[in-house]
$ cat work.txt   # compact mmCIF, N, CA and C atoms
# COMPACT_ATOMS: atom_id res chain seq x y z
N MET A 1022 36.85 233.93 189.05
CA MET A 1022 35.71 234.67 188.54
C MET A 1022 36.13 235.55 187.35
N LEU A 1023 37.33 236.11 187.42
CA LEU A 1023 37.81 236.94 186.31
C LEU A 1023 38.02 236.09 185.06
N ARG A 1024 38.59 234.90 185.24
CA ARG A 1024 38.84 234.05 184.07
C ARG A 1024 37.55 233.70 183.35
N LYS A 1025 36.46 233.52 184.11
CA LYS A 1025 35.17 233.22 183.48
C LYS A 1025 34.69 234.37 182.61
N GLN A 1026 35.19 235.57 182.86
CA GLN A 1026 34.82 236.73 182.06
C GLN A 1026 35.88 237.04 181.00
N GLY A 1027 36.84 236.10 180.81
CA GLY A 1027 37.84 236.28 179.78
C GLY A 1027 38.99 237.17 180.19
N VAL A 1028 39.16 237.42 181.49
CA VAL A 1028 40.24 238.26 181.99
C VAL A 1028 41.24 237.34 182.70
N PHE A 1029 42.48 237.32 182.21
CA PHE A 1029 43.46 236.39 182.74
C PHE A 1029 44.61 237.08 183.46
N THR A 1030 44.56 238.39 183.59
CA THR A 1030 45.56 239.12 184.36
C THR A 1030 44.92 240.38 184.93
N LEU A 1031 45.32 240.73 186.13
CA LEU A 1031 44.79 241.94 186.77
C LEU A 1031 45.26 243.21 186.07
N ARG A 1032 46.28 243.09 185.21
CA ARG A 1032 46.77 244.24 184.45
C ARG A 1032 45.66 244.87 183.60
N GLU A 1033 44.74 244.05 183.13
CA GLU A 1033 43.68 244.53 182.25
C GLU A 1033 42.55 245.22 182.99
N VAL A 1034 42.46 245.01 184.31
CA VAL A 1034 41.31 245.46 185.08
C VAL A 1034 41.49 246.92 185.52
N ARG A 1035 40.54 247.75 185.13
CA ARG A 1035 40.52 249.14 185.60
C ARG A 1035 39.70 249.24 186.88
N ASP A 1036 38.49 248.68 186.86
CA ASP A 1036 37.60 248.69 188.02
C ASP A 1036 36.98 247.32 188.18
N LEU A 1037 36.79 246.91 189.42
CA LEU A 1037 36.17 245.63 189.73
C LEU A 1037 35.09 245.90 190.76
N TYR A 1038 33.90 245.39 190.50
CA TYR A 1038 32.76 245.64 191.38
C TYR A 1038 32.21 244.31 191.89
N LEU A 1039 32.00 244.23 193.19
CA LEU A 1039 31.36 243.07 193.78
C LEU A 1039 29.86 243.37 193.81
N GLU A 1040 29.10 242.56 193.10
CA GLU A 1040 27.66 242.77 192.99
C GLU A 1040 26.94 242.14 194.19
N PRO A 1041 25.73 242.61 194.48
CA PRO A 1041 24.99 242.10 195.65
C PRO A 1041 24.83 240.58 195.69
N GLY A 1042 24.69 239.93 194.56
CA GLY A 1042 24.51 238.48 194.54
C GLY A 1042 25.81 237.70 194.66
N GLY A 1043 26.95 238.40 194.77
CA GLY A 1043 28.24 237.73 194.90
C GLY A 1043 29.02 237.64 193.60
N ASP A 1044 28.40 238.02 192.47
CA ASP A 1044 29.11 238.04 191.19
C ASP A 1044 29.99 239.28 191.14
N ILE A 1045 30.84 239.33 190.11
CA ILE A 1045 31.66 240.52 189.91
C ILE A 1045 31.37 241.11 188.54
N SER A 1046 31.55 242.41 188.45
CA SER A 1046 31.53 243.13 187.18
C SER A 1046 32.90 243.74 186.99
N VAL A 1047 33.37 243.75 185.76
CA VAL A 1047 34.72 244.21 185.48
C VAL A 1047 34.68 245.27 184.39
N LYS A 1048 35.42 246.36 184.61
CA LYS A 1048 35.66 247.35 183.57
C LYS A 1048 37.14 247.27 183.24
N LEU A 1049 37.44 247.03 181.97
CA LEU A 1049 38.83 246.88 181.55
C LEU A 1049 39.42 248.23 181.16
N HIS A 1050 40.75 248.31 181.23
CA HIS A 1050 41.44 249.48 180.70
C HIS A 1050 41.15 249.56 179.20
N SER A 1051 41.14 250.75 178.68
CA SER A 1051 40.80 250.90 177.25
C SER A 1051 41.79 250.17 176.35
N LYS A 1052 43.05 250.04 176.79
CA LYS A 1052 44.02 249.32 175.96
C LYS A 1052 43.73 247.83 175.88
N ALA A 1053 42.86 247.33 176.77
CA ALA A 1053 42.49 245.92 176.75
C ALA A 1053 41.16 245.73 176.03
N GLY A 1054 40.81 246.67 175.18
CA GLY A 1054 39.51 246.70 174.52
C GLY A 1054 39.34 245.66 173.43
N SER A 1055 38.50 245.99 172.47
CA SER A 1055 37.99 245.02 171.51
C SER A 1055 38.79 244.85 170.23
N ILE A 1056 39.78 245.67 169.97
CA ILE A 1056 40.54 245.52 168.73
C ILE A 1056 41.37 244.25 168.83
N THR A 1057 41.32 243.45 167.79
CA THR A 1057 42.08 242.20 167.80
C THR A 1057 43.32 242.30 166.92
N PRO A 1058 44.33 241.49 167.17
CA PRO A 1058 45.52 241.50 166.32
C PRO A 1058 45.20 241.22 164.86
N ASP A 1059 44.20 240.37 164.62
CA ASP A 1059 43.81 240.07 163.24
C ASP A 1059 43.35 241.33 162.52
N MET A 1060 42.67 242.22 163.23
CA MET A 1060 42.21 243.46 162.61
C MET A 1060 43.38 244.31 162.12
N LEU A 1061 44.50 244.21 162.79
CA LEU A 1061 45.67 245.00 162.45
C LEU A 1061 46.70 244.21 161.65
N ASP A 1062 46.33 242.98 161.26
CA ASP A 1062 47.21 242.09 160.51
C ASP A 1062 48.53 241.83 161.25
N LEU A 1063 48.40 241.54 162.55
CA LEU A 1063 49.55 241.25 163.39
C LEU A 1063 49.53 239.79 163.81
N ASN A 1064 50.68 239.27 164.15
CA ASN A 1064 50.82 237.91 164.65
C ASN A 1064 51.51 237.94 166.00
N PRO A 1065 50.78 238.27 167.06
CA PRO A 1065 51.42 238.37 168.37
C PRO A 1065 51.79 237.01 168.94
N ARG A 1066 52.75 237.03 169.84
CA ARG A 1066 53.14 235.79 170.52
C ARG A 1066 52.11 235.48 171.60
N ASP A 1067 51.97 234.23 171.91
CA ASP A 1067 51.10 233.83 173.01
C ASP A 1067 51.74 234.27 174.32
N GLU A 1068 50.92 234.70 175.25
CA GLU A 1068 51.41 235.11 176.55
C GLU A 1068 51.32 233.96 177.54
N ALA A 1069 52.32 233.87 178.38
CA ALA A 1069 52.29 232.88 179.46
C ALA A 1069 51.25 233.31 180.48
N PRO A 1070 50.68 232.37 181.21
CA PRO A 1070 49.69 232.75 182.22
C PRO A 1070 50.33 233.57 183.34
N SER A 1071 49.54 234.47 183.92
CA SER A 1071 49.99 235.24 185.08
C SER A 1071 49.69 234.43 186.34
N ILE A 1072 50.64 234.43 187.23
CA ILE A 1072 50.52 233.70 188.50
C ILE A 1072 50.46 234.72 189.62
N LEU A 1073 49.47 234.60 190.49
CA LEU A 1073 49.36 235.47 191.65
C LEU A 1073 50.37 234.99 192.69
N VAL A 1074 51.42 235.81 192.93
CA VAL A 1074 52.48 235.40 193.85
C VAL A 1074 52.40 236.14 195.19
N ILE A 1075 51.66 237.25 195.23
CA ILE A 1075 51.44 237.99 196.48
C ILE A 1075 49.98 238.38 196.54
N GLU A 1076 49.36 238.13 197.67
CA GLU A 1076 47.97 238.52 197.86
C GLU A 1076 47.81 239.10 199.26
N GLU A 1077 47.35 240.33 199.32
CA GLU A 1077 47.11 241.03 200.57
C GLU A 1077 48.32 240.97 201.51
N GLY A 1078 49.49 241.28 200.93
CA GLY A 1078 50.70 241.36 201.74
C GLY A 1078 51.30 240.04 202.14
N LYS A 1079 50.86 238.94 201.53
CA LYS A 1079 51.38 237.61 201.88
C LYS A 1079 51.84 236.88 200.61
N ILE A 1080 52.97 236.20 200.75
CA ILE A 1080 53.52 235.43 199.63
C ILE A 1080 52.70 234.15 199.45
N LYS A 1081 52.35 233.86 198.21
CA LYS A 1081 51.63 232.63 197.86
C LYS A 1081 52.67 231.56 197.48
N GLU A 1082 53.16 230.86 198.49
CA GLU A 1082 54.28 229.95 198.29
C GLU A 1082 53.95 228.77 197.37
N GLU A 1083 52.72 228.26 197.42
CA GLU A 1083 52.36 227.15 196.54
C GLU A 1083 52.43 227.57 195.07
N GLU A 1084 51.98 228.80 194.79
CA GLU A 1084 52.02 229.29 193.42
C GLU A 1084 53.46 229.47 192.95
N LEU A 1085 54.33 229.97 193.83
CA LEU A 1085 55.75 230.09 193.49
C LEU A 1085 56.33 228.73 193.15
N GLN A 1086 56.00 227.73 193.96
CA GLN A 1086 56.50 226.38 193.72
C GLN A 1086 55.99 225.84 192.38
N SER A 1087 54.75 226.20 192.03
CA SER A 1087 54.17 225.68 190.79
C SER A 1087 54.92 226.17 189.55
N VAL A 1088 55.59 227.34 189.67
CA VAL A 1088 56.38 227.85 188.54
C VAL A 1088 57.87 227.72 188.80
N LYS A 1089 58.20 226.88 189.82
CA LYS A 1089 59.59 226.56 190.15
C LYS A 1089 60.42 227.80 190.48
N LYS A 1090 59.83 228.69 191.29
CA LYS A 1090 60.52 229.89 191.76
C LYS A 1090 60.55 229.85 193.28
N SER A 1091 61.55 230.50 193.85
CA SER A 1091 61.71 230.50 195.31
C SER A 1091 61.28 231.83 195.91
N LYS A 1092 61.10 231.80 197.21
CA LYS A 1092 60.77 233.02 197.95
C LYS A 1092 61.92 234.03 197.79
N GLU A 1093 63.15 233.55 197.81
CA GLU A 1093 64.32 234.41 197.65
C GLU A 1093 64.31 235.08 196.28
N TRP A 1094 63.95 234.35 195.24
CA TRP A 1094 63.85 234.90 193.89
C TRP A 1094 62.83 236.03 193.87
N LEU A 1095 61.69 235.81 194.50
CA LEU A 1095 60.64 236.82 194.55
C LEU A 1095 61.12 238.07 195.28
N LEU A 1096 61.70 237.89 196.45
CA LEU A 1096 62.17 239.05 197.23
C LEU A 1096 63.23 239.84 196.48
N GLU A 1097 64.12 239.14 195.79
CA GLU A 1097 65.15 239.82 194.99
C GLU A 1097 64.52 240.62 193.85
N GLY A 1098 63.53 240.02 193.18
CA GLY A 1098 62.84 240.71 192.10
C GLY A 1098 62.10 241.95 192.59
N LEU A 1099 61.52 241.86 193.76
CA LEU A 1099 60.81 243.01 194.33
C LEU A 1099 61.77 244.10 194.74
N GLN A 1100 62.90 243.73 195.32
CA GLN A 1100 63.90 244.73 195.71
C GLN A 1100 64.43 245.49 194.50
N LYS A 1101 64.60 244.81 193.37
CA LYS A 1101 65.05 245.47 192.15
C LYS A 1101 64.05 246.52 191.68
N ARG A 1102 62.79 246.35 192.09
CA ARG A 1102 61.73 247.29 191.71
C ARG A 1102 61.38 248.23 192.86
N ASN A 1103 62.25 248.28 193.86
CA ASN A 1103 62.12 249.19 195.01
C ASN A 1103 60.95 248.88 195.93
N TYR A 1104 60.54 247.64 196.01
CA TYR A 1104 59.55 247.22 197.00
C TYR A 1104 60.31 246.53 198.12
N LYS A 1105 60.24 247.12 199.30
CA LYS A 1105 61.04 246.62 200.40
C LYS A 1105 60.27 245.69 201.33
N LYS A 1106 58.95 245.88 201.43
CA LYS A 1106 58.16 245.08 202.37
C LYS A 1106 56.97 244.44 201.66
N ILE A 1107 56.86 243.13 201.79
CA ILE A 1107 55.74 242.38 201.20
C ILE A 1107 54.42 242.92 201.72
N GLU A 1108 54.40 243.31 203.00
CA GLU A 1108 53.16 243.78 203.63
C GLU A 1108 52.59 245.03 202.96
N ASP A 1109 53.40 245.75 202.19
CA ASP A 1109 52.94 246.96 201.51
C ASP A 1109 52.31 246.67 200.15
N ILE A 1110 52.28 245.40 199.76
CA ILE A 1110 51.79 245.03 198.42
C ILE A 1110 50.41 244.38 198.54
N LEU A 1111 49.44 244.96 197.84
CA LEU A 1111 48.09 244.41 197.81
C LEU A 1111 48.08 243.10 197.05
N TYR A 1112 48.62 243.11 195.83
CA TYR A 1112 48.78 241.88 195.07
C TYR A 1112 49.92 242.02 194.08
N GLY A 1113 50.49 240.89 193.73
CA GLY A 1113 51.56 240.86 192.75
C GLY A 1113 51.41 239.65 191.86
N GLU A 1114 51.56 239.88 190.58
CA GLU A 1114 51.50 238.80 189.59
C GLU A 1114 52.87 238.67 188.93
N TRP A 1115 53.12 237.50 188.38
CA TRP A 1115 54.32 237.27 187.59
C TRP A 1115 53.97 236.36 186.43
N SER A 1116 54.52 236.68 185.27
CA SER A 1116 54.39 235.78 184.13
C SER A 1116 55.72 235.72 183.39
N GLU A 1117 55.93 234.61 182.74
CA GLU A 1117 57.17 234.39 181.98
C GLU A 1117 57.34 235.44 180.89
N THR A 1118 56.26 235.84 180.24
CA THR A 1118 56.37 236.79 179.13
C THR A 1118 56.38 238.24 179.57
N ASP A 1119 55.67 238.58 180.65
CA ASP A 1119 55.53 239.99 181.03
C ASP A 1119 56.24 240.36 182.32
N GLY A 1120 56.78 239.40 183.04
CA GLY A 1120 57.47 239.71 184.29
C GLY A 1120 56.48 240.04 185.40
N PHE A 1121 56.88 240.98 186.26
CA PHE A 1121 56.08 241.34 187.43
C PHE A 1121 55.05 242.42 187.12
N TYR A 1122 53.92 242.31 187.79
CA TYR A 1122 52.93 243.38 187.87
C TYR A 1122 52.58 243.51 189.34
N ILE A 1123 52.95 244.62 189.94
CA ILE A 1123 52.79 244.82 191.38
C ILE A 1123 51.80 245.95 191.62
N GLN A 1124 50.86 245.70 192.52
CA GLN A 1124 49.91 246.74 192.93
C GLN A 1124 50.06 246.93 194.44
N PRO A 1125 50.71 248.03 194.86
CA PRO A 1125 50.82 248.28 196.30
C PRO A 1125 49.48 248.76 196.85
N TYR A 1126 49.36 248.69 198.16
CA TYR A 1126 48.18 249.28 198.79
C TYR A 1126 48.18 250.77 198.48
N PRO A 1127 47.02 251.35 198.22
CA PRO A 1127 46.97 252.81 198.02
C PRO A 1127 47.45 253.52 199.29
N LYS A 1128 48.21 254.58 199.13
CA LYS A 1128 48.75 255.29 200.29
C LYS A 1128 47.67 255.80 201.21
N GLU A 1129 46.54 256.27 200.66
CA GLU A 1129 45.47 256.80 201.51
C GLU A 1129 44.78 255.70 202.32
N ASN A 1130 44.97 254.43 201.93
CA ASN A 1130 44.37 253.32 202.66
C ASN A 1130 45.41 252.48 203.39
N ALA A 1131 46.62 253.00 203.50
CA ALA A 1131 47.71 252.21 204.08
C ALA A 1131 47.41 251.76 205.51
N HIS A 1132 46.66 252.55 206.24
CA HIS A 1132 46.35 252.21 207.62
C HIS A 1132 45.44 250.98 207.73
N ILE A 1133 44.71 250.64 206.68
CA ILE A 1133 43.74 249.55 206.74
C ILE A 1133 44.44 248.19 206.90
N HIS A 1134 45.52 247.96 206.18
CA HIS A 1134 46.15 246.64 206.21
C HIS A 1134 47.22 246.48 207.28
N LYS A 1135 47.58 247.56 207.94
CA LYS A 1135 48.60 247.47 208.98
C LYS A 1135 47.96 247.28 210.33
N LYS A 1136 48.53 246.37 211.10
CA LYS A 1136 48.01 246.12 212.45
C LYS A 1136 48.55 247.21 213.38
N THR A 1137 47.65 247.71 214.24
CA THR A 1137 48.08 248.74 215.19
C THR A 1137 48.34 248.17 216.55

$ encode --input "work.txt" --output "structure tokens"
Amino acid sequence: MLRKQGVFTLREVRDLYLEPGGDISVKLHSKAGSITPDMLDLNPRDEAPSILVIEEGKIKEEELQSVKKSKEWLLEGLQKRNYKKIEDILYGEWSETDGFYIQPYPKENAHIHKKT
């Protein structure tokens, strides 16, 4: 649904709203706004697509395989960034050009995703 709105990475999303009819509305971070590289006479490199490798505390193994990465590679990369438990991560993306983008569960909502 995000790609249909021209958003190809969660890094750009500031707020996401689920509308009553099932559609989504997206508010982007201001840095993801309307200025284009052409306006600034720049020639940026193309970015590799972002792959969702963690969703709601679970590793997306098929997506890892699609980019020829292993679960061990992912865990090592997360440990280097001080993430010790997959279950604490709401979602994680990886791209060849930008590396990891990790969004942990908010601390005030930590009780929601943990089983009691």

$ closest_residue --input "work.txt" --among "A:Lys1025, A:Lys1079, A:Arg1066, A:Lys1089" --to "Ser1046 of chain A" --atoms "only C-alpha atoms"
A:Lys1025

$ atom_distance --input "work.txt" --atom1 "atom CA of Glu1083 of chain A" --atom2 "atom N of Gln1026 of chain A"
23.5 Å

$ residues_around --input "work.txt" --residues "Asp1119 of chain A" --least-positions-apart "2" --cutoff "10 Å" --atoms "only C-alpha atoms" --output "NGL selection string"
:A and (1068-1071 or 1114-1117 or 1121-1122)

$ atom_distance --input "work.txt" --atom1 "atom N of Glu1040 of chain A" --atom2 "atom CA of Asp1109 of chain A"
25.7 Å

$ select_by_dssp --input "work.txt" --residues "chain A" --states "strand (DSSP E or B)" --output "PyMOL selection string"
chain A and resi 1034-1039+1045-1049+1072-1076+1079-1080+1110-1116+1120-1125

$ closest_residue --input "work.txt" --among "A:Gln1086, A:Ile1123, A:Met1022, A:Leu1031" --to "Asp1044 of chain A" --atoms "all atoms listed in the file"
A:Met1022

$ atom_distance --input "work.txt" --atom1 "atom C of Tyr1112 of chain A" --atom2 "atom CA of Leu1099 of chain A"
10.9 Å

$ residues_around --input "work.txt" --residues "Glu1033 of chain A" --least-positions-apart "4" --cutoff "7 Å" --atoms "all atoms listed in the file" --output "VMD selection string"
chain A and resid 1029 1048 to 1050 1053

$ build_atoms --input "work.txt" --residues "segment 1102-1126 of chain A" --atoms "N, CA, C and O atoms" --output "PDB file, in the coordinates of the input"
ATOM      1  N   ARG A1102      62.790 246.350 192.090  1.00  0.00           N
ATOM      2  CA  ARG A1102      61.730 247.290 191.710  1.00  0.00           C
ATOM      3  C   ARG A1102      61.380 248.230 192.860  1.00  0.00           C
ATOM      4  O   ARG A1102      60.334 248.857 192.867  1.00  0.00           O
ATOM      5  N   ASN A1103      62.250 248.280 193.860  1.00  0.00           N
ATOM      6  CA  ASN A1103      62.120 249.190 195.010  1.00  0.00           C
ATOM      7  C   ASN A1103      60.950 248.880 195.930  1.00  0.00           C
ATOM      8  O   ASN A1103      60.418 249.789 196.572  1.00  0.00           O
ATOM      9  N   TYR A1104      60.540 247.640 196.010  1.00  0.00           N
ATOM     10  CA  TYR A1104      59.550 247.220 197.000  1.00  0.00           C
ATOM     11  C   TYR A1104      60.310 246.530 198.120  1.00  0.00           C
ATOM     12  O   TYR A1104      60.934 245.501 197.918  1.00  0.00           O
ATOM     13  N   LYS A1105      60.240 247.120 199.300  1.00  0.00           N
ATOM     14  CA  LYS A1105      61.040 246.620 200.400  1.00  0.00           C
ATOM     15  C   LYS A1105      60.270 245.690 201.330  1.00  0.00           C
ATOM     16  O   LYS A1105      60.846 244.822 201.960  1.00  0.00           O
ATOM     17  N   LYS A1106      58.950 245.880 201.430  1.00  0.00           N
ATOM     18  CA  LYS A1106      58.160 245.080 202.370  1.00  0.00           C
ATOM     19  C   LYS A1106      56.970 244.440 201.660  1.00  0.00           C
ATOM     20  O   LYS A1106      56.178 245.120 201.025  1.00  0.00           O
ATOM     21  N   ILE A1107      56.860 243.130 201.790  1.00  0.00           N
ATOM     22  CA  ILE A1107      55.740 242.380 201.200  1.00  0.00           C
ATOM     23  C   ILE A1107      54.420 242.920 201.720  1.00  0.00           C
ATOM     24  O   ILE A1107      53.438 243.003 201.004  1.00  0.00           O
ATOM     25  N   GLU A1108      54.400 243.310 203.000  1.00  0.00           N
ATOM     26  CA  GLU A1108      53.160 243.780 203.630  1.00  0.00           C
ATOM     27  C   GLU A1108      52.590 245.030 202.960  1.00  0.00           C
ATOM     28  O   GLU A1108      51.415 245.353 203.149  1.00  0.00           O
ATOM     29  N   ASP A1109      53.400 245.750 202.190  1.00  0.00           N
ATOM     30  CA  ASP A1109      52.940 246.960 201.510  1.00  0.00           C
ATOM     31  C   ASP A1109      52.310 246.670 200.150  1.00  0.00           C
ATOM     32  O   ASP A1109      51.874 247.585 199.461  1.00  0.00           O
ATOM     33  N   ILE A1110      52.280 245.400 199.760  1.00  0.00           N
ATOM     34  CA  ILE A1110      51.790 245.030 198.420  1.00  0.00           C
ATOM     35  C   ILE A1110      50.410 244.380 198.540  1.00  0.00           C
ATOM     36  O   ILE A1110      50.236 243.388 199.227  1.00  0.00           O
ATOM     37  N   LEU A1111      49.440 244.960 197.840  1.00  0.00           N
ATOM     38  CA  LEU A1111      48.090 244.410 197.810  1.00  0.00           C
ATOM     39  C   LEU A1111      48.080 243.100 197.050  1.00  0.00           C
ATOM     40  O   LEU A1111      47.593 242.084 197.527  1.00  0.00           O
ATOM     41  N   TYR A1112      48.620 243.110 195.830  1.00  0.00           N
ATOM     42  CA  TYR A1112      48.780 241.880 195.070  1.00  0.00           C
ATOM     43  C   TYR A1112      49.920 242.020 194.080  1.00  0.00           C
ATOM     44  O   TYR A1112      50.282 243.126 193.680  1.00  0.00           O
ATOM     45  N   GLY A1113      50.490 240.890 193.730  1.00  0.00           N
ATOM     46  CA  GLY A1113      51.560 240.860 192.750  1.00  0.00           C
ATOM     47  C   GLY A1113      51.410 239.650 191.860  1.00  0.00           C
ATOM     48  O   GLY A1113      51.130 238.554 192.340  1.00  0.00           O
ATOM     49  N   GLU A1114      51.560 239.880 190.580  1.00  0.00           N
ATOM     50  CA  GLU A1114      51.500 238.800 189.590  1.00  0.00           C
ATOM     51  C   GLU A1114      52.870 238.670 188.930  1.00  0.00           C
ATOM     52  O   GLU A1114      53.640 239.624 188.878  1.00  0.00           O
ATOM     53  N   TRP A1115      53.120 237.500 188.380  1.00  0.00           N
ATOM     54  CA  TRP A1115      54.320 237.270 187.590  1.00  0.00           C
ATOM     55  C   TRP A1115      53.970 236.360 186.430  1.00  0.00           C
ATOM     56  O   TRP A1115      53.195 235.410 186.568  1.00  0.00           O
ATOM     57  N   SER A1116      54.520 236.680 185.270  1.00  0.00           N
ATOM     58  CA  SER A1116      54.390 235.780 184.130  1.00  0.00           C
ATOM     59  C   SER A1116      55.720 235.720 183.390  1.00  0.00           C
ATOM     60  O   SER A1116      56.517 236.666 183.436  1.00  0.00           O
ATOM     61  N   GLU A1117      55.930 234.610 182.740  1.00  0.00           N
ATOM     62  CA  GLU A1117      57.170 234.390 181.980  1.00  0.00           C
ATOM     63  C   GLU A1117      57.340 235.440 180.890  1.00  0.00           C
ATOM     64  O   GLU A1117      58.450 235.896 180.629  1.00  0.00           O
ATOM     65  N   THR A1118      56.260 235.840 180.240  1.00  0.00           N
ATOM     66  CA  THR A1118      56.370 236.790 179.130  1.00  0.00           C
ATOM     67  C   THR A1118      56.380 238.240 179.570  1.00  0.00           C
ATOM     68  O   THR A1118      57.042 239.069 178.950  1.00  0.00           O
ATOM     69  N   ASP A1119      55.670 238.580 180.650  1.00  0.00           N
ATOM     70  CA  ASP A1119      55.530 239.990 181.030  1.00  0.00           C
ATOM     71  C   ASP A1119      56.240 240.360 182.320  1.00  0.00           C
ATOM     72  O   ASP A1119      56.264 241.528 182.696  1.00  0.00           O
ATOM     73  N   GLY A1120      56.780 239.400 183.040  1.00  0.00           N
ATOM     74  CA  GLY A1120      57.470 239.710 184.290  1.00  0.00           C
ATOM     75  C   GLY A1120      56.480 240.040 185.400  1.00  0.00           C
ATOM     76  O   GLY A1120      55.384 239.498 185.465  1.00  0.00           O
ATOM     77  N   PHE A1121      56.880 240.980 186.260  1.00  0.00           N
ATOM     78  CA  PHE A1121      56.080 241.340 187.430  1.00  0.00           C
ATOM     79  C   PHE A1121      55.050 242.420 187.120  1.00  0.00           C
ATOM     80  O   PHE A1121      55.299 243.314 186.320  1.00  0.00           O
ATOM     81  N   TYR A1122      53.920 242.310 187.790  1.00  0.00           N
ATOM     82  CA  TYR A1122      52.930 243.380 187.870  1.00  0.00           C
ATOM     83  C   TYR A1122      52.580 243.510 189.340  1.00  0.00           C
ATOM     84  O   TYR A1122      52.019 242.576 189.932  1.00  0.00           O
ATOM     85  N   ILE A1123      52.950 244.620 189.940  1.00  0.00           N
ATOM     86  CA  ILE A1123      52.790 244.820 191.380  1.00  0.00           C
ATOM     87  C   ILE A1123      51.800 245.950 191.620  1.00  0.00           C
ATOM     88  O   ILE A1123      51.915 247.016 191.028  1.00  0.00           O
ATOM     89  N   GLN A1124      50.860 245.700 192.520  1.00  0.00           N
ATOM     90  CA  GLN A1124      49.910 246.740 192.930  1.00  0.00           C
ATOM     91  C   GLN A1124      50.060 246.930 194.440  1.00  0.00           C
ATOM     92  O   GLN A1124      49.609 246.098 195.220  1.00  0.00           O
ATOM     93  N   PRO A1125      50.710 248.030 194.860  1.00  0.00           N
ATOM     94  CA  PRO A1125      50.820 248.280 196.300  1.00  0.00           C
ATOM     95  C   PRO A1125      49.480 248.760 196.850  1.00  0.00           C
ATOM     96  O   PRO A1125      48.588 249.160 196.097  1.00  0.00           O
ATOM     97  N   TYR A1126      49.360 248.690 198.160  1.00  0.00           N
ATOM     98  CA  TYR A1126      48.180 249.280 198.790  1.00  0.00           C
ATOM     99  C   TYR A1126      48.180 250.770 198.480  1.00  0.00           C
ATOM    100  O   TYR A1126      49.237 251.397 198.485  1.00  0.00           O
TER     101      TYR A1126
END
